[in-house]
file model.txt (compact mmCIF, C-alpha atoms and all ligand atoms)
# COMPACT_ATOMS: atom_id res chain seq x y z
CA MET A 187 -0.91 -90.96 -106.14
CA LYS A 188 1.33 -92.24 -103.40
CA ARG A 189 2.02 -88.67 -102.38
CA LEU A 190 -1.68 -87.83 -102.14
CA PHE A 191 -2.18 -90.87 -99.95
CA MET A 192 0.58 -89.72 -97.61
CA VAL A 193 -0.99 -86.27 -97.29
CA LEU A 194 -4.40 -87.74 -96.51
CA ALA A 195 -2.95 -90.20 -94.03
CA THR A 196 -1.10 -87.42 -92.24
CA LEU A 197 -4.18 -85.20 -92.04
CA THR A 198 -6.35 -87.99 -90.74
CA ALA A 199 -3.81 -89.15 -88.19
CA SER A 200 -3.13 -85.72 -86.73
CA ALA A 201 -6.67 -84.32 -86.67
CA PRO A 202 -7.73 -85.34 -83.14
CA GLY A 203 -4.61 -83.86 -81.55
CA TRP A 204 -5.49 -80.28 -82.42
CA ALA A 205 -7.64 -77.54 -80.97
CA GLU A 206 -10.18 -79.21 -78.67
CA ASP A 207 -7.74 -81.93 -77.80
CA PRO A 208 -9.51 -84.96 -76.40
CA VAL A 209 -6.21 -86.52 -75.31
CA LEU A 210 -4.79 -84.65 -72.34
CA LYS A 211 -6.05 -85.28 -68.80
CA ALA A 212 -7.58 -82.83 -66.33
CA ASP A 213 -9.50 -80.38 -68.49
CA SER A 214 -9.27 -77.34 -66.26
CA ALA A 215 -5.82 -77.92 -64.72
CA PRO A 216 -3.44 -74.97 -64.86
CA GLY A 217 -0.94 -75.42 -67.67
CA ARG A 218 -3.10 -77.73 -69.73
CA ALA A 219 -4.30 -75.02 -72.10
CA ALA A 220 -0.72 -73.83 -72.66
CA THR A 221 0.37 -77.39 -73.29
CA VAL A 222 -2.31 -77.90 -75.92
CA GLU A 223 -1.75 -74.53 -77.53
CA ILE A 224 2.04 -74.44 -77.56
CA CYS A 225 3.17 -78.05 -77.58
CA SER A 226 0.93 -79.24 -80.39
CA HIS A 227 2.39 -76.86 -82.97
CA CYS A 228 4.85 -79.48 -84.13
CA HIS A 229 3.45 -82.81 -82.94
CA SER A 230 0.19 -83.97 -81.41
CA SER A 231 -0.56 -84.17 -77.70
CA ALA A 232 -0.91 -87.91 -78.17
CA TYR A 233 2.72 -87.99 -79.27
CA ILE A 234 3.79 -86.22 -76.06
CA VAL A 235 1.79 -88.56 -73.85
CA MET A 236 3.07 -91.62 -75.71
CA ASN A 237 6.64 -90.56 -74.93
CA SER A 238 6.03 -89.46 -71.38
CA VAL A 239 5.69 -92.56 -69.26
CA PHE A 240 9.18 -92.52 -67.80
CA LEU A 241 9.55 -88.84 -67.04
CA SER A 242 9.72 -87.36 -63.53
CA ALA A 243 8.72 -83.72 -62.90
CA ASP A 244 12.36 -82.66 -63.32
CA ASP A 245 12.66 -84.67 -66.52
CA TRP A 246 9.61 -82.84 -67.87
CA ARG A 247 11.30 -79.54 -67.12
CA ALA A 248 14.33 -80.71 -69.08
CA GLU A 249 12.11 -81.98 -71.90
CA VAL A 250 10.40 -78.61 -72.27
CA LEU A 251 13.81 -76.92 -72.27
CA LYS A 252 14.97 -79.34 -74.96
CA MET A 253 11.97 -78.40 -77.14
CA ARG A 254 13.05 -74.78 -76.80
CA THR A 255 16.78 -75.17 -77.33
CA ALA A 256 17.08 -78.16 -79.66
CA PHE A 257 13.92 -77.75 -81.71
CA GLY A 258 13.37 -73.98 -81.52
CA ALA A 259 9.94 -74.05 -79.88
CA SER A 260 9.01 -70.53 -78.90
CA ILE A 261 7.83 -70.80 -75.30
CA ASP A 262 8.13 -68.02 -72.73
CA GLU A 263 9.38 -68.70 -69.17
CA LYS A 264 5.95 -68.52 -67.60
CA SER A 265 4.36 -70.97 -70.03
CA ALA A 266 7.36 -73.30 -69.78
CA ASP A 267 6.91 -73.39 -65.99
CA GLU A 268 3.17 -74.01 -66.26
CA ILE A 269 3.59 -76.73 -68.85
CA SER A 270 6.36 -78.49 -66.90
CA ALA A 271 4.28 -78.40 -63.74
CA TYR A 272 1.18 -79.69 -65.53
CA LEU A 273 3.01 -82.52 -67.26
CA GLY A 274 5.01 -83.41 -64.15
CA GLN A 275 1.83 -83.64 -62.10
CA HIS A 276 -0.38 -85.50 -64.56
CA TYR A 277 2.15 -87.46 -66.59
CA GLY A 278 5.08 -87.89 -64.22
CA GLU A 279 6.32 -90.98 -62.44
CA PRO A 280 4.17 -91.78 -59.39
CA ASP A 281 7.06 -90.87 -57.05
CA SER A 282 7.35 -87.36 -58.42
CA ARG A 283 3.69 -86.39 -58.02
C1 LIG A 301 9.14 -76.23 -82.73
C2 LIG A 301 8.51 -77.53 -82.79
C3 LIG A 301 8.18 -78.22 -81.47
C4 LIG A 301 7.43 -77.73 -80.44
C5 LIG A 301 6.67 -76.40 -80.35
C6 LIG A 301 7.42 -78.77 -79.43
N1 LIG A 301 8.12 -79.86 -79.85
FE1 LIG A 301 8.32 -81.63 -78.88
N2 LIG A 301 9.39 -82.39 -80.44
C7 LIG A 301 9.75 -81.68 -81.57
C8 LIG A 301 10.59 -82.53 -82.40
C9 LIG A 301 11.20 -82.14 -83.76
C10 LIG A 301 10.71 -83.76 -81.72
C11 LIG A 301 11.51 -84.98 -82.14
C12 LIG A 301 10.71 -85.83 -83.07
C13 LIG A 301 11.51 -87.03 -83.49
O1 LIG A 301 12.49 -87.39 -82.81
O2 LIG A 301 11.13 -87.60 -84.50
C14 LIG A 301 9.94 -83.64 -80.49
C15 LIG A 301 9.78 -84.67 -79.57
C16 LIG A 301 9.10 -84.57 -78.37
C17 LIG A 301 8.97 -85.63 -77.38
C18 LIG A 301 9.51 -87.05 -77.51
C19 LIG A 301 10.78 -87.25 -76.77
C20 LIG A 301 11.94 -86.53 -77.41
O3 LIG A 301 12.62 -85.80 -76.67
O4 LIG A 301 12.19 -86.68 -78.63
C21 LIG A 301 8.27 -85.12 -76.33
C22 LIG A 301 7.88 -85.83 -75.04
C23 LIG A 301 7.96 -83.73 -76.66
N3 LIG A 301 8.46 -83.45 -77.91
C24 LIG A 301 7.27 -82.88 -75.83
C25 LIG A 301 6.99 -81.54 -76.13
C26 LIG A 301 6.36 -80.62 -75.21
C27 LIG A 301 5.93 -80.95 -73.79
C28 LIG A 301 6.23 -79.43 -75.88
C29 LIG A 301 5.69 -78.13 -75.33
C30 LIG A 301 6.47 -77.56 -74.26
C31 LIG A 301 6.78 -79.61 -77.21
N4 LIG A 301 7.23 -80.90 -77.32
C32 LIG A 301 6.79 -78.64 -78.20
C33 LIG A 301 9.38 -80.40 -81.89
C34 LIG A 301 8.62 -79.56 -81.10
call {"tool": "encode", "arguments": {"input": "model.txt", "output": "structure tokens", "more": "lines below"}}
Ligand code: HEC
result
Amino acid sequence: MKRLFMVLATLTASAPGWAEDPVLKADSAPGRAATVEICSHCHSSAYIVMNSVFLSADDWRAEVLKMRTAFGASIDEKSADEISAYLGQHYGEPDSR
């Protein structure tokens, strides 16, 4: 019973982060679609945003690299560049925008 509860809780909690993605800013910005598609394989977009407040554009680049090297995210160079640029611009420190 406890296990079933955990499964339901997980499904409910992660549902809004997928597909349409109401979380990320700037609907038509370049890199946003790749961020939604690639970065929400393992965790929600909300999780990324929640952990993003201190990152500069360069830090975002490093973060995307970390997802590739440390956690095995499969992201090609072009998408990694687009995603880093998108996150740096919309979720970077004010100084780095
Ligand atoms: C292959 C699975 C996977 C993919 C794809 C992935 N991540 Fe992660 N991500 C993780 C794991 C695992 C953690 C660590 C979770 C923890 O510490 O509990 C994490 C954590 C994070 C964190 C929190 C800070 C940190 O470093 O722990 C951020 C921000 C983040 N990811 C951003 C991204 C972005 C941006 C992308 C797309 C470029 C992405 N992730 C794609 C697996 C992934």
call {"tool": "atom_distance", "arguments": {"input": "model.txt", "atom1": "CA of Pro208 (chain A)", "atom2": "CA of Ala256 (chain A)"}}
result
27.6 Å
call {"tool": "atom_distance", "arguments": {"input": "model.txt", "atom1": "CA of Ser270 (chain A)", "atom2": "CA of Trp246 (chain A)"}}
result
5.5 Å
call {"tool": "residues_near_ligand", "arguments": {"input": "model.txt", "ligand": "ligand LIG 301 (chain A)", "cutoff": "8 Å", "atoms": "only C-alpha atoms and all ligand atoms", "output": "VMD selection string"}}
result
chain A and resid 221 224 to 229 233 to 238 246 249 to 254 257 to 261 266 269 to 270 273
call {"tool": "residues_around", "arguments": {"input": "model.txt", "residues": "Asp267 (chain A)", "least_positions_apart": "4", "cutoff": "8 Å", "atoms": "all atoms listed in the file", "output": "PDB file with C-alpha atoms, in the coordinates of the input"}}
result
ATOM      1  CA  ARG A 247      11.300 -79.540 -67.120  1.00  0.00           C
ATOM      2  CA  GLU A 263       9.380 -68.700 -69.170  1.00  0.00           C
ATOM      3  CA  ALA A 271       4.280 -78.400 -63.740  1.00  0.00           C
TER       4      ALA A 271
END
call {"tool": "atom_distance", "arguments": {"input": "model.txt", "atom1": "CA of Tyr272 (chain A)", "atom2": "CA of Ala243 (chain A)"}}
result
8.9 Å
call {"tool": "build_atoms", "arguments": {"input": "model.txt", "residues": "region 208-242 of chain A", "atoms": "N, CA and C atoms", "output": "PDB file, in the coordinates of the input"}}
result
ATOM      1  N   PRO A 208      -8.868 -83.991 -77.271  1.00  0.00           N
ATOM      2  CA  PRO A 208      -9.510 -84.960 -76.400  1.00  0.00           C
ATOM      3  C   PRO A 208      -8.495 -85.791 -75.599  1.00  0.00           C
ATOM      4  N   VAL A 209      -7.203 -85.597 -75.845  1.00  0.00           N
ATOM      5  CA  VAL A 209      -6.210 -86.520 -75.310  1.00  0.00           C
ATOM      6  C   VAL A 209      -5.780 -86.207 -73.887  1.00  0.00           C
ATOM      7  N   LEU A 210      -5.420 -84.959 -73.622  1.00  0.00           N
ATOM      8  CA  LEU A 210      -4.790 -84.650 -72.340  1.00  0.00           C
ATOM      9  C   LEU A 210      -5.759 -84.673 -71.162  1.00  0.00           C
ATOM     10  N   LYS A 211      -5.247 -85.164 -70.028  1.00  0.00           N
ATOM     11  CA  LYS A 211      -6.050 -85.280 -68.800  1.00  0.00           C
ATOM     12  C   LYS A 211      -6.361 -83.936 -68.163  1.00  0.00           C
ATOM     13  N   ALA A 212      -7.302 -83.946 -67.237  1.00  0.00           N
ATOM     14  CA  ALA A 212      -7.580 -82.830 -66.330  1.00  0.00           C
ATOM     15  C   ALA A 212      -7.881 -81.530 -67.061  1.00  0.00           C
ATOM     16  N   ASP A 213      -9.060 -81.499 -67.657  1.00  0.00           N
ATOM     17  CA  ASP A 213      -9.500 -80.380 -68.490  1.00  0.00           C
ATOM     18  C   ASP A 213      -9.190 -78.982 -68.005  1.00  0.00           C
ATOM     19  N   SER A 214      -9.409 -78.726 -66.705  1.00  0.00           N
ATOM     20  CA  SER A 214      -9.270 -77.340 -66.260  1.00  0.00           C
ATOM     21  C   SER A 214      -7.991 -77.114 -65.463  1.00  0.00           C
ATOM     22  N   ALA A 215      -7.066 -78.068 -65.494  1.00  0.00           N
ATOM     23  CA  ALA A 215      -5.820 -77.920 -64.720  1.00  0.00           C
ATOM     24  C   ALA A 215      -4.988 -76.777 -65.279  1.00  0.00           C
ATOM     25  N   PRO A 216      -4.314 -76.037 -64.383  1.00  0.00           N
ATOM     26  CA  PRO A 216      -3.440 -74.970 -64.860  1.00  0.00           C
ATOM     27  C   PRO A 216      -2.332 -75.569 -65.726  1.00  0.00           C
ATOM     28  N   GLY A 217      -2.011 -74.925 -66.815  1.00  0.00           N
ATOM     29  CA  GLY A 217      -0.940 -75.420 -67.670  1.00  0.00           C
ATOM     30  C   GLY A 217      -1.419 -76.297 -68.801  1.00  0.00           C
ATOM     31  N   ARG A 218      -2.632 -76.838 -68.667  1.00  0.00           N
ATOM     32  CA  ARG A 218      -3.100 -77.730 -69.730  1.00  0.00           C
ATOM     33  C   ARG A 218      -3.338 -76.963 -71.026  1.00  0.00           C
ATOM     34  N   ALA A 219      -3.998 -75.805 -70.900  1.00  0.00           N
ATOM     35  CA  ALA A 219      -4.300 -75.020 -72.100  1.00  0.00           C
ATOM     36  C   ALA A 219      -3.010 -74.630 -72.824  1.00  0.00           C
ATOM     37  N   ALA A 220      -2.005 -74.214 -72.041  1.00  0.00           N
ATOM     38  CA  ALA A 220      -0.720 -73.830 -72.660  1.00  0.00           C
ATOM     39  C   ALA A 220      -0.072 -75.024 -73.325  1.00  0.00           C
ATOM     40  N   THR A 221      -0.213 -76.186 -72.711  1.00  0.00           N
ATOM     41  CA  THR A 221       0.370 -77.390 -73.290  1.00  0.00           C
ATOM     42  C   THR A 221      -0.280 -77.703 -74.636  1.00  0.00           C
ATOM     43  N   VAL A 222      -1.603 -77.621 -74.671  1.00  0.00           N
ATOM     44  CA  VAL A 222      -2.310 -77.900 -75.920  1.00  0.00           C
ATOM     45  C   VAL A 222      -1.923 -76.868 -76.974  1.00  0.00           C
ATOM     46  N   GLU A 223      -1.964 -75.610 -76.564  1.00  0.00           N
ATOM     47  CA  GLU A 223      -1.750 -74.530 -77.530  1.00  0.00           C
ATOM     48  C   GLU A 223      -0.312 -74.520 -78.051  1.00  0.00           C
ATOM     49  N   ILE A 224       0.645 -74.625 -77.161  1.00  0.00           N
ATOM     50  CA  ILE A 224       2.040 -74.440 -77.560  1.00  0.00           C
ATOM     51  C   ILE A 224       2.689 -75.739 -78.016  1.00  0.00           C
ATOM     52  N   CYS A 225       2.430 -76.820 -77.303  1.00  0.00           N
ATOM     53  CA  CYS A 225       3.170 -78.050 -77.580  1.00  0.00           C
ATOM     54  C   CYS A 225       2.624 -78.802 -78.793  1.00  0.00           C
ATOM     55  N   SER A 226       1.415 -78.491 -79.230  1.00  0.00           N
ATOM     56  CA  SER A 226       0.930 -79.240 -80.390  1.00  0.00           C
ATOM     57  C   SER A 226       1.128 -78.488 -81.703  1.00  0.00           C
ATOM     58  N   HIS A 227       2.016 -77.496 -81.697  1.00  0.00           N
ATOM     59  CA  HIS A 227       2.390 -76.860 -82.970  1.00  0.00           C
ATOM     60  C   HIS A 227       3.101 -77.842 -83.884  1.00  0.00           C
ATOM     61  N   CYS A 228       3.979 -78.636 -83.299  1.00  0.00           N
ATOM     62  CA  CYS A 228       4.850 -79.480 -84.130  1.00  0.00           C
ATOM     63  C   CYS A 228       4.466 -80.958 -84.110  1.00  0.00           C
ATOM     64  N   HIS A 229       3.894 -81.410 -83.021  1.00  0.00           N
ATOM     65  CA  HIS A 229       3.450 -82.810 -82.940  1.00  0.00           C
ATOM     66  C   HIS A 229       2.200 -82.832 -82.078  1.00  0.00           C
ATOM     67  N   SER A 230       1.462 -83.914 -82.133  1.00  0.00           N
ATOM     68  CA  SER A 230       0.190 -83.970 -81.410  1.00  0.00           C
ATOM     69  C   SER A 230       0.415 -84.152 -79.910  1.00  0.00           C
ATOM     70  N   SER A 231      -0.619 -83.889 -79.134  1.00  0.00           N
ATOM     71  CA  SER A 231      -0.560 -84.170 -77.700  1.00  0.00           C
ATOM     72  C   SER A 231      -0.409 -85.665 -77.465  1.00  0.00           C
ATOM     73  N   ALA A 232      -1.014 -86.451 -78.320  1.00  0.00           N
ATOM     74  CA  ALA A 232      -0.910 -87.910 -78.170  1.00  0.00           C
ATOM     75  C   ALA A 232       0.557 -88.332 -78.258  1.00  0.00           C
ATOM     76  N   TYR A 233       1.296 -87.682 -79.127  1.00  0.00           N
ATOM     77  CA  TYR A 233       2.720 -87.990 -79.270  1.00  0.00           C
ATOM     78  C   TYR A 233       3.469 -87.694 -77.962  1.00  0.00           C
ATOM     79  N   ILE A 234       3.128 -86.588 -77.326  1.00  0.00           N
ATOM     80  CA  ILE A 234       3.790 -86.220 -76.060  1.00  0.00           C
ATOM     81  C   ILE A 234       3.488 -87.273 -74.999  1.00  0.00           C
ATOM     82  N   VAL A 235       2.213 -87.609 -74.883  1.00  0.00           N
ATOM     83  CA  VAL A 235       1.790 -88.560 -73.850  1.00  0.00           C
ATOM     84  C   VAL A 235       2.424 -89.937 -74.078  1.00  0.00           C
ATOM     85  N   MET A 236       2.476 -90.324 -75.350  1.00  0.00           N
ATOM     86  CA  MET A 236       3.070 -91.620 -75.710  1.00  0.00           C
ATOM     87  C   MET A 236       4.527 -91.723 -75.265  1.00  0.00           C
ATOM     88  N   ASN A 237       5.212 -90.572 -75.253  1.00  0.00           N
ATOM     89  CA  ASN A 237       6.640 -90.560 -74.930  1.00  0.00           C
ATOM     90  C   ASN A 237       6.910 -90.133 -73.499  1.00  0.00           C
ATOM     91  N   SER A 238       5.882 -90.112 -72.681  1.00  0.00           N
ATOM     92  CA  SER A 238       6.030 -89.460 -71.380  1.00  0.00           C
ATOM     93  C   SER A 238       6.152 -90.404 -70.204  1.00  0.00           C
ATOM     94  N   VAL A 239       5.905 -91.674 -70.408  1.00  0.00           N
ATOM     95  CA  VAL A 239       5.690 -92.560 -69.260  1.00  0.00           C
ATOM     96  C   VAL A 239       6.841 -92.635 -68.267  1.00  0.00           C
ATOM     97  N   PHE A 240       8.054 -92.362 -68.710  1.00  0.00           N
ATOM     98  CA  PHE A 240       9.180 -92.520 -67.800  1.00  0.00           C
ATOM     99  C   PHE A 240       9.643 -91.218 -67.147  1.00  0.00           C
ATOM    100  N   LEU A 241       8.998 -90.133 -67.458  1.00  0.00           N
ATOM    101  CA  LEU A 241       9.550 -88.840 -67.040  1.00  0.00           C
ATOM    102  C   LEU A 241       9.096 -88.430 -65.634  1.00  0.00           C
ATOM    103  N   SER A 242      10.048 -87.960 -64.826  1.00  0.00           N
ATOM    104  CA  SER A 242       9.720 -87.360 -63.530  1.00  0.00           C
ATOM    105  C   SER A 242       9.433 -85.875 -63.776  1.00  0.00           C
TER     106      SER A 242
END
